[in-house]
Every structure is written in structure tokens, then in C-alpha cells.
Amino acid sequence: MIPFSRLIDALVFMPSRNGKLRLLGQYFATTQDPDRGWALAALTGNLDLPTAKPAMIRELARTRVDADLLGWSYDYVGDFAETIALIWPPKPTNRAPPTLGEVVADITGAKRSETPAIVEAWLDACSADQRFALLKLITGGMRIGVSARMAKTALAEWAGKDVNEIEEVWHGLEPPYAELFEWLEGTGERPDPDHHAAFRPLMLANPLEAADIAALNAADYRAEWKWDGIRVQLVGKARELGTFERRIYSRSGDEVTRVFPEIVGLMNFDAVLDGEMLVLRDGEVMPFNELQQRLNRKIVTAKMLSQYPAFVRLYDILADNGEDLRRLSFDERRARLEAWYARMHPDRMDLSPMVPFTDWAELTAMREASRENGIEGLMLKRGDSTYVPGRPKGPWFKWKRGALTLDCVMMYAQRGHGKRSSFYSDYTFGCWRPAEQGGLELVPVGKAYSGFTDEELLRIDRWVRAHTTNRFGPVREVEQELVMELAFDSVHPSTRHKSGVAMRFPRVHRIRWDKPANEADHLETLEKLIVS
Amino acid sequence: MPIAHQKPESWVRVTPQGLYVEPGQFFIDPTRPVERAVVTHGHADHARPGNKHVLATPGTLAIMRTRYGDGIGATQALDYNAPIQVNGVRLWLAPAGHVLGSAQAVVEWQGCRVVVSGDYKRRFDPTCAPFEVVPCDVFVTEATFGLPVFHHPPDSGEIDKVLRSLTLFPERAHLIGVYALGKCQRVIALLRRSGYDQPIYIHGALAALCALYQQLGVELGDLRLASEASKDELRGQIVLSPPAASADRWSRRLPDPITAVASGWMRVRQRARQRGVELPLVISDHADWDELLQTIDGVAASEIWVTHGREEALIHAAGLMGKRARALALVGYEDDED
């Protein structure tokens, strides 16, 4: 528990991604099996100890601490594991803090009724920091700013491998991952992923710059619409007696199988498919924020299923009945995909249609004309491109349609984080609308914290400090004078914002030092841009 | 002790100006200017300028003079444990262990003893006299860390964190946010006691009080102004500033700084994270939960009045110990800066 608790503490306070990767790598390099494997399982959300639940821990704490004091403390601290870790009044003990291996072995080996006494003895043997790590470990849900992908990236960097190699084998592995560590340390064989419904690392596209187009030969490329959903990989693997192992992965390789039961139920196939998860109602793609209602939910209710029905638009096939198709060209894979679809015809799935074109001028016109829901722009893929994990430059491009822009007035500024912590770098912007008592007032429409250079940031920071009218903790209210042109991808109705609208991906496009605030845009202009 | 004739709250009263000792006609730590003030210690929310007459320890008066110049009014210095009579009230000051010069105000009238402890802590501090337990009838206490989640760890471990980080990141400045009075000098003194003999760089806002501490005999070693050092000189060095300066333009002069904050609040991870602290140091000049309870038990008062902080939990706990306890609801004291 001692090295693990040191790791958790260091991670919690490490602001930089590279720093976190270094800490994780150091831990994997210096910690024994099986402890490091259990730590990896905890960090990737794969450690499940069903008998150690928060309710049990709370009961335990109540035997040592007055209920009211516990309640006030939890209100103040806000994190359950941390509250118990800090408040626990340890009884003297001659036991050492348990190792991770002991924790997992003892809890899995114990009856439910025996668990509280086991945990109680550990809490006595641990320091406050160790109690925090222990409670995070056994109650699951670390929430310490480390994603599964980051943990795997750290493993890859430590072992000198590509993270995609780890993703390839990952889903066939079980904690505490002895096999994996042996392979990474060069003392064992590569674990064989083909027996499992494993994630295949994705091929990603580069943004297409206007200057790139001229250099590209239109005849080499195929075009599809770029759908505004989430990229998913559907993996079905045949098992005995006509059953299938079925998994859905997100773009990063995290499993989202449980989020989309209506899709999983239809995956009676042995294939790996690449596509876009969308919400489709009456055959029409719904705006992204409807899909968002389905994400980040632990429990999928019947109401959510009927209100936000999921649908997958397929655009690639990576494996078919055990045959790896990634070495085929895009055109060959497309033919295989169409043949597969004609054969299987699964419900709640269709093919993303090809967009035929003869030259770039024609395609440019189509891209500009596409303002309908669910389309973000175009994808361009070379017909002869094989499926290469990562983001190779050249074979695939995403060509988003031009951003929308609007002149807004800065209302509030907040200091940033990390390197920007001494700069006012996060801004809230407003547009004009008629005020109740006559005249015009600004209403906040969005926040932006990117799109300017370091020099511009220096200048804005100076401006904010010189034009502050009010302070609310870390936030400064500023004079309503500075206009910035915001760029954003689309606008949606929102009940969360006072203005009733929310922008998607707002960023600063241009700073209009020259423009008087009263010439900034009005809310109704923004409302007209809502796609419905 | 003789039995009191009057209820204590009838002669030590809460007024808009602060706590008023009526028969003595003086206020303790008034938050607005008054005729006669007794000041427990030099922090700005307890020691304010503009009073006509101020009584405090010589240390506290020196601190007030450094901060406010002549604006502190006529002064009367009173050493620790040297009782005087003020309009028939017996008044004396006992060490509170909070910062240099800090005192508990002990007032006795008609056989009843009330101790107004100001802010206090119970552990060792090389920069001030240790807290003395004064048995009393009414003990007036703060509750800054009045929740059982606050257990301040030993200072030495926290100082070690800084020294270990310096060896790990010898190319980065280590910026420690400290309150200008007390915490600053204590952190420096603790670093010195642990054997750290490099120059320590300070923000200009800390210079005057550090000089005063040194004048009053507290060893702080080689202190230099950070503003006069080059970026390169500050690599691998310890720099102290008020907490707000780490997020201010001032900090841009530092080479890739690691931000630390020395405060009891650093015990709570979320709180440290919200403030963007990379190296939280749990060093406090206030009593933690155990010290609060230990003190309430030690003074053996039958009544506990709580001035500021997380009153409800401390009142509840005092109740469990069989004490009558109530909140004074005094306004104007801050608990965010420790």
C-alpha cells in the first residue's frame, strides 16, 4: 500500500500529463507483481471487489465517529474516501499496511460478513494517505485524473512499445496482468489477442488545410460525410453454439458496451466494424447533444432508450469471420463492407453513403451547402490506403465545413491552469439582447479559452487587469468593451444557459481591439443559427 | 475558585464592534475603531488600526507598528503573566502559541474568569512562546479547524517534503505560499532547524515582518529579495511569497516554479487542487481538531464560547464532553488565510 499511496498522492497533485506518465512509469518499473498489476487494474477501471462498497465503509466509520461529525465532515470535504481517510481515529496496532495483493486476495477470499472486520484492521494499520489509497482501491472509481488510456500510454512508454500494441492485446487480459508484464519486460511471449473480442486501434484523419487541396489528386480520393456523433468500433467474435462475444469500444479503446444495449443485442456476427454512433429519430440524425444524453450514464433507463435511440452508421470493416482486412486497400474494404452489409443487414445500422464527385470545386460546393443536422463536413480517404493505426499524414483527411462566427463582448475573465495560472485566459462572452427596463443588455452565450497566441494572451491579460469592475473569487468582471470574434461549429438550444443557447466548440477567432462593443452581435442572430 | 454572581454573558458581551468587557470598558480584538482595545495578536483581522488606546504584548505592538505606523493609537505594553487592574477588572495575558507576541486575554471579575484565547495552537513553534493552559470558567475559542478531518501532521515531515522535492527538481524554483505574519517566519525557522542553510528568497511584502522578527531575536538566516535575483539564481531555490502572488504576474520571474502552499487547509486534497497547488504542506498556526478538544478539556471550563470557524461541529463535540457550548456569531474574523 505504501508505494501505491505515494503514487496516488503524487498523481493527484501533478498538473502535467507528461509528469503523470513519468510517475506511472516509475511505479510500474519499481513495483513487484502482483501489486503493480492490481494497481493497473484499478487505474483502468478493471478491479471489482463486490463486497467492499461505500455503504459498508460508512457503517464502519459510524462505529468510530459520531454521526453528526461525520456528516459535517463529508459536507466539507466532498469526497467520501477522503473524508473517511482523514477522520478515521486509528487504534494502536502492530500490523503493517497491507500490500495490494493482500487486499485483493483477502477481500475476494472473504465472506461478505467478514469484510468489515478485515477493512477495519487495515484502516488502523494505515496512515491517512494510505487509507485514502486503500479506500479508492477497494470502492472502485478512482477519479484521480488518470484515464485508462493514460495508464496504458505510461506502460507503453516505460516498456518502449507503441501504445497501440498494448491496445491490441489488452482486452484479452485479466488482472493482475502477469502475462502482460512478462511480455513488456521481455521475459515472456506476446499475449495472443485473437481469441478475444479485442479493440483494434483506430486509424485517424488529419484536418485538411486549404493549402493542401491543390496538391491532392481528386481521382485518388473517396469522399463521405463526416457525421457528428461518436466514433465507435463494434467487435463481434463467434463462440461455441452460435453465441457471440460482443463489445463496443470508443475512439480511445474504452469499452462502452453497456451504454448501448440496443446495439449490442443486434451484434450477432463475427466481424470488426468502424462507424459512427448517432441518435436517429424517424430516420433523421439528431444533434450531438441528444447523443450526449446517452453518454456518461451508469444506468441506461427504458426512457433513455426510447427517447434517444442509438444507431450506427458504418464506414469500414477491419475483420470478417476472423480474417484481418486491415492490409486491404480502402476500396477493397469498402467492397467487403457492402457485401457484408448485404449479407447481414443488421437492424439499427446502415452504411455511410459514398459522396461521388469529379473535382474539388464540386466537392467544395457540396461541403458548403451541407448545413443539415449531424453533418460536420466531409471525410476524404485515399482509395488505395490500408488501415494504419494512429494518424498517418496523407491517406485520410477530415474536411470540416467552415466555422460559424459571431462578434461577442467579453464579460468575465478567469485565470487559467498550469502554465497559464498567472494569466486571465478563460473568458465568458455575451451578446446583446433587449433589457426588461429598456435598452440593451449583455447575456452570456459561451466561454472560450483558446485561439489566441501567447503574445495576444499577454495583451488580453493586461487589458483584463486594467478593466476589472468586480471580483468574484478567481473570476473578474470586466468593462463591457472588448469585442472578440468567436468561431464555433454549431448552435443548440440549451436549458442550462441563461441565454437559452449553447455553442459547440467555441474558440476565439480574432480579437477585435478596433470594434466598439455596441456593434457586437445580438442574441437573435445566434438563435437564427440553431439547427433544428 | 469562588462562585460567580453574574452570568458571564451579562458582562462579556457581543457587540457590533466585537467582544466587550463591560465593567472594564474595553473591547477584545474589536473589528471597528473603539476607545480602548485589548489585542490578542497581530493578524489584520484581530489587530486593526484606528483605536484610541491599545493594550497588547510588546511583540504584538511592534507588529502593529510595522504594519500601521502611527495609526495604532496610544499603546500600553503588557508582558505575559503580569496582571493589571482595568476599571476593577483583573486583566492579564498568557501565551497563545499562535504567532510572535500572540496572547490569550484573561479577564476576571467578581470571581469569574473568562479566557479569550484569540487564535492558538498547541505544538512547538520556534518563533513564539508556547500556549499556556489557564483554567477558567468560560473559555472563548476559535474553531478554524473545527472538524475531525483536521489532524495536522508533524511539521518535520512537511518540511522534508520540500527538501525532497528540491533534490528531485533541482532546476525548478520552489515557491511556497505563506501568510506574511507568523507562517512565513515559522516556515523559514523550521527550514533552518532542519539544516537548510541556503539563502531563502522572499517576496517584498514579507520583508518588513521578517526584519522585525530578526530584530526581536528570531534567527532566520540569510534572506534575500526574490525581485533582486536573476531567474537563473532562483533555480533550485526556495522562494516565499503571500499565497496570492503565486497566481500573480510576480511569479513569472521564477524558473518553472513548483507551487507549494503552507496551510492547514492543505490537508484536504480537493481544496489544494482547486488552488492549483502541486506541493501541499500541512503546516498550520491554528489548533487542529485534537488540540481543540485537548484544550477544551485542559482548561476545565464549564462553558465554551466559539468565535469563528466551523462552530457547529466543535459545539456539538463540546456538548458530548458535557460542556455548555455556544456560538458567539462574531463577524469580521477570517479563517481563509491560515
# chains A, B, ... in the order shown; residues from 1 in each chain; ligands from 1

$ closest_atom_pairs --of "chain B" --to "chain A" --cutoff "9 Å" --atoms "only C-alpha atoms" --output "CSV"
residue,atom,partner,partner_atom,distance
B:Leu147,CA,A:Ser73,CA,6.2
B:Pro148,CA,A:Ile87,CA,5.5
B:Val149,CA,A:Ile87,CA,4.4
B:Phe150,CA,A:Leu86,CA,7.1
B:His151,CA,A:Leu86,CA,7.6
B:Ala245,CA,A:Ser422,CA,8.8
B:Ser246,CA,A:Ser422,CA,7.4
B:Ala247,CA,A:Ser422,CA,4.4
B:Asp248,CA,A:Ser422,CA,4.9
B:Arg249,CA,A:Ser422,CA,5.8
B:Trp250,CA,A:Ser422,CA,8.5
B:Ser251,CA,A:Ser422,CA,7.4
B:Arg252,CA,A:Ser422,CA,7.6
B:Asp256,CA,A:Lys419,CA,8.6
B:Arg267,CA,A:Leu86,CA,8.3
B:Val268,CA,A:Val77,CA,6.6
B:Arg269,CA,A:Val12,CA,7.8
B:Gln270,CA,A:Val77,CA,7.5
B:Arg271,CA,A:Val77,CA,8.2
B:Ala272,CA,A:Phe13,CA,8.2
B:Arg273,CA,A:Phe13,CA,6.6
B:Gly276,CA,A:His417,CA,7.0
B:Val277,CA,A:Phe13,CA,6.9
B:Glu278,CA,A:Phe13,CA,4.9
B:Leu279,CA,A:Phe13,CA,7.0
B:Pro280,CA,A:Phe13,CA,8.3
B:Glu312,CA,A:Trp72,CA,8.7
B:Ala313,CA,A:Leu69,CA,6.0
B:Leu314,CA,A:Leu69,CA,8.9
B:His316,CA,A:Leu69,CA,8.0
B:Ala317,CA,A:Leu69,CA,8.0

$ write_last_selection --atoms "N, CA and C atoms" --output "PDB file, in the first residue's frame"
ATOM      1  N   LEU B 147     -13.224  20.526  12.618  1.00  0.00           N
ATOM      2  CA  LEU B 147     -13.844  19.304  12.090  1.00  0.00           C
ATOM      3  C   LEU B 147     -12.867  18.159  12.320  1.00  0.00           C
ATOM      4  N   PRO B 148     -13.397  16.963  12.612  1.00  0.00           N
ATOM      5  CA  PRO B 148     -12.489  15.856  12.943  1.00  0.00           C
ATOM      6  C   PRO B 148     -11.641  15.368  11.769  1.00  0.00           C
ATOM      7  N   VAL B 149     -11.783  15.959  10.596  1.00  0.00           N
ATOM      8  CA  VAL B 149     -10.893  15.574   9.493  1.00  0.00           C
ATOM      9  C   VAL B 149      -9.551  16.293   9.585  1.00  0.00           C
ATOM     10  N   PHE B 150      -9.462  17.313  10.456  1.00  0.00           N
ATOM     11  CA  PHE B 150      -8.226  18.076  10.515  1.00  0.00           C
ATOM     12  C   PHE B 150      -7.291  17.565  11.606  1.00  0.00           C
ATOM     13  N   HIS B 151      -6.291  16.809  11.159  1.00  0.00           N
ATOM     14  CA  HIS B 151      -5.207  16.395  12.049  1.00  0.00           C
ATOM     15  C   HIS B 151      -3.934  16.904  11.387  1.00  0.00           C
ATOM     16  N   ALA B 245       0.330  35.608  -4.551  1.00  0.00           N
ATOM     17  CA  ALA B 245       1.353  36.002  -5.519  1.00  0.00           C
ATOM     18  C   ALA B 245       1.713  34.882  -6.478  1.00  0.00           C
ATOM     19  N   SER B 246       1.473  33.610  -6.085  1.00  0.00           N
ATOM     20  CA  SER B 246       1.837  32.503  -6.961  1.00  0.00           C
ATOM     21  C   SER B 246       0.983  32.530  -8.219  1.00  0.00           C
ATOM     22  N   ALA B 247      -0.201  33.126  -8.142  1.00  0.00           N
ATOM     23  CA  ALA B 247      -1.062  33.193  -9.319  1.00  0.00           C
ATOM     24  C   ALA B 247      -1.000  34.583  -9.932  1.00  0.00           C
ATOM     25  N   ASP B 248      -0.021  35.350  -9.538  1.00  0.00           N
ATOM     26  CA  ASP B 248       0.038  36.726  -9.985  1.00  0.00           C
ATOM     27  C   ASP B 248       1.209  36.897 -10.944  1.00  0.00           C
ATOM     28  N   ARG B 249       1.252  38.073 -11.556  1.00  0.00           N
ATOM     29  CA  ARG B 249       2.314  38.330 -12.527  1.00  0.00           C
ATOM     30  C   ARG B 249       3.699  38.225 -11.898  1.00  0.00           C
ATOM     31  N   TRP B 250       3.752  38.513 -10.608  1.00  0.00           N
ATOM     32  CA  TRP B 250       5.017  38.454  -9.893  1.00  0.00           C
ATOM     33  C   TRP B 250       5.726  37.121 -10.112  1.00  0.00           C
ATOM     34  N   SER B 251       4.955  36.027 -10.153  1.00  0.00           N
ATOM     35  CA  SER B 251       5.560  34.686 -10.190  1.00  0.00           C
ATOM     36  C   SER B 251       6.192  34.374 -11.548  1.00  0.00           C
ATOM     37  N   ARG B 252       5.953  35.208 -12.556  1.00  0.00           N
ATOM     38  CA  ARG B 252       6.531  34.915 -13.877  1.00  0.00           C
ATOM     39  C   ARG B 252       8.056  35.041 -13.882  1.00  0.00           C
ATOM     40  N   ASP B 256      10.222  27.999 -13.915  1.00  0.00           N
ATOM     41  CA  ASP B 256       9.385  26.799 -13.874  1.00  0.00           C
ATOM     42  C   ASP B 256       8.999  26.400 -12.441  1.00  0.00           C
ATOM     43  N   ARG B 267      -4.597  19.928   4.064  1.00  0.00           N
ATOM     44  CA  ARG B 267      -4.967  18.574   4.449  1.00  0.00           C
ATOM     45  C   ARG B 267      -6.014  17.991   3.497  1.00  0.00           C
ATOM     46  N   VAL B 268      -6.870  18.848   2.974  1.00  0.00           N
ATOM     47  CA  VAL B 268      -7.947  18.369   2.097  1.00  0.00           C
ATOM     48  C   VAL B 268      -7.497  18.491   0.649  1.00  0.00           C
ATOM     49  N   ARG B 269      -7.343  17.335   0.006  1.00  0.00           N
ATOM     50  CA  ARG B 269      -6.788  17.311  -1.343  1.00  0.00           C
ATOM     51  C   ARG B 269      -7.545  18.197  -2.313  1.00  0.00           C
ATOM     52  N   GLN B 270      -8.885  18.093  -2.287  1.00  0.00           N
ATOM     53  CA  GLN B 270      -9.663  18.857  -3.255  1.00  0.00           C
ATOM     54  C   GLN B 270      -9.393  20.344  -3.105  1.00  0.00           C
ATOM     55  N   ARG B 271      -9.261  20.782  -1.872  1.00  0.00           N
ATOM     56  CA  ARG B 271      -9.030  22.197  -1.623  1.00  0.00           C
ATOM     57  C   ARG B 271      -7.665  22.619  -2.179  1.00  0.00           C
ATOM     58  N   ALA B 272      -6.674  21.763  -1.985  1.00  0.00           N
ATOM     59  CA  ALA B 272      -5.343  22.064  -2.509  1.00  0.00           C
ATOM     60  C   ALA B 272      -5.366  22.064  -4.035  1.00  0.00           C
ATOM     61  N   ARG B 273      -6.085  21.108  -4.599  1.00  0.00           N
ATOM     62  CA  ARG B 273      -6.141  21.002  -6.065  1.00  0.00           C
ATOM     63  C   ARG B 273      -6.837  22.184  -6.693  1.00  0.00           C
ATOM     64  N   GLY B 276      -4.680  24.880  -7.358  1.00  0.00           N
ATOM     65  CA  GLY B 276      -3.570  24.611  -8.267  1.00  0.00           C
ATOM     66  C   GLY B 276      -2.257  24.361  -7.551  1.00  0.00           C
ATOM     67  N   VAL B 277      -2.335  23.841  -6.326  1.00  0.00           N
ATOM     68  CA  VAL B 277      -1.126  23.598  -5.555  1.00  0.00           C
ATOM     69  C   VAL B 277      -0.528  22.251  -5.941  1.00  0.00           C
ATOM     70  N   GLU B 278       0.777  22.235  -6.228  1.00  0.00           N
ATOM     71  CA  GLU B 278       1.425  20.976  -6.578  1.00  0.00           C
ATOM     72  C   GLU B 278       2.034  20.301  -5.364  1.00  0.00           C
ATOM     73  N   LEU B 279       2.445  21.121  -4.402  1.00  0.00           N
ATOM     74  CA  LEU B 279       3.119  20.581  -3.229  1.00  0.00           C
ATOM     75  C   LEU B 279       2.431  21.141  -1.982  1.00  0.00           C
ATOM     76  N   PRO B 280       1.399  20.455  -1.508  1.00  0.00           N
ATOM     77  CA  PRO B 280       0.678  20.970  -0.340  1.00  0.00           C
ATOM     78  C   PRO B 280       1.455  20.675   0.944  1.00  0.00           C
ATOM     79  N   GLU B 312     -20.367  24.698  14.447  1.00  0.00           N
ATOM     80  CA  GLU B 312     -21.375  23.717  14.836  1.00  0.00           C
ATOM     81  C   GLU B 312     -20.753  22.397  15.274  1.00  0.00           C
ATOM     82  N   ALA B 313     -19.690  21.968  14.570  1.00  0.00           N
ATOM     83  CA  ALA B 313     -19.090  20.678  14.918  1.00  0.00           C
ATOM     84  C   ALA B 313     -18.401  20.753  16.277  1.00  0.00           C
ATOM     85  N   LEU B 314     -17.706  21.861  16.539  1.00  0.00           N
ATOM     86  CA  LEU B 314     -16.992  21.977  17.812  1.00  0.00           C
ATOM     87  C   LEU B 314     -17.982  22.097  18.973  1.00  0.00           C
ATOM     88  N   HIS B 316     -20.966  20.868  19.036  1.00  0.00           N
ATOM     89  CA  HIS B 316     -21.527  19.529  19.205  1.00  0.00           C
ATOM     90  C   HIS B 316     -20.560  18.640  20.001  1.00  0.00           C
ATOM     91  N   ALA B 317     -19.281  18.697  19.639  1.00  0.00           N
ATOM     92  CA  ALA B 317     -18.297  17.846  20.323  1.00  0.00           C
ATOM     93  C   ALA B 317     -18.127  18.272  21.769  1.00  0.00           C
TER      94      ALA B 317
END

$ select_by_dssp --residues "range 23-186 of chain B" --states "strand (DSSP E)" --output "ChimeraX atom specification"
/B:26-28,36-38,53-56,74-77,84-86,89-95,103-109,112-116,138-143,174-177

$ closest_residue --among "B:Gly24, B:Pro126, B:Gly204, B:Pro242" --to "Cys184 in chain B" --atoms "only C-alpha atoms"
B:Pro242

$ residues_around --residues "Pro30 in chain B" --least-positions-apart "2" --cutoff "8 Å" --atoms "only C-alpha atoms" --output "PyMOL selection string"
chain B and resi 17-19+27-28+32-34+37+39+46-48

$ atom_distance --atom1 "CA of Val299 in chain B" --atom2 "CA of Leu181 in chain B"
27.4 Å

$ select_by_dssp --residues "range 79-319 of chain B" --states "alpha helix (DSSP H)" --output "ChimeraX atom specification"
/B:155-168,183-193,207-215,269-274,289-299,311-319

$ atom_distance --atom1 "CA of Lys136 in chain A" --atom2 "CA of Phe80 in chain A"
9.2 Å

$ residues_around --residues "Gly236 in chain B" --least-positions-apart "5" --cutoff "7 Å" --atoms "only C-alpha atoms" --output "VMD selection string"
chain B and resid 166 169 to 174

$ atom_distance --atom1 "CA of Lys298 in chain A" --atom2 "CA of Phe260 in chain A"
11.1 Å

$ residues_around --residues "Cys408 in chain A" --least-positions-apart "3" --cutoff "12 Å" --atoms "only C-alpha atoms" --output "ChimeraX atom specification"
/A:405,411,427-433,442-448,480-487,506-513,515-523,525-526
